[in-house]
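Asker: Mind looking over this structure? Questions follow.
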Amino acid sequence: MITEMKKRTMSISLPERLVEALDRRAEAEARSRSEVIRVAVLSYLQWWGEWRKLQAYGRRQAKRLGIRPQRLERLIAEVRSERSHHR
């Protein structure tokens, strides 16, 4: 759990508009700025880990199917074109 971890204080710089949005979100959730930032950072790190897994899966599949990076964009465009014609 996040609250049970050892904590370290950091100083970050944010644009004023982002701080205002952060404060609105914190107030709406009855949380502190720090709590909202902790949740946001954790969410980002989890998303990034999943994104990396997805990329690795895609590379493995492309290798298994013999698809080279140069062909990938063309194949994606072809699939998107086919899907748009079926709508």
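Just so we're on the same page: first chain in the structure tokens is A, next is B, and so on; residues restart at 1 for each chain, and ligands are numbered from 1 in the order they show up.
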Set the distance at 10 Å and use only C-alpha atoms: which residues neighbour stretch 3-10 of chain A once local chain neighbours fewer than 3 positions away are removed? I'd like the list as a list in words.
Answerer: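 Counting only C-alpha atoms, the residues come to Ser34, Glu35 and Arg38 of chain A.
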Asker: Could you jot down the atom CA of A:Tyr57 to atom CA of A:Arg71 separation for me, Å, one decimal place?
Answerer: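 Calculated distance between atom CA of A:Tyr57 and atom CA of A:Arg71 is 17.2 Å.
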Asker: Can you measure atom CA of A:Leu18 to atom CA of A:Ile37 for me? One decimal in Å is fine.
Answerer: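 Interatomic distance, atom CA of A:Leu18 to atom CA of A:Ile37: 11.4 Å.
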Asker: Apply DSSP to the structure's backbone, then extract all residues of chain A labelled helix (DSSP H, G or I) and return them as a VMD selection string.
Answerer: chain A and resid 2 to 4 16 to 28 33 to 65 69 to 85
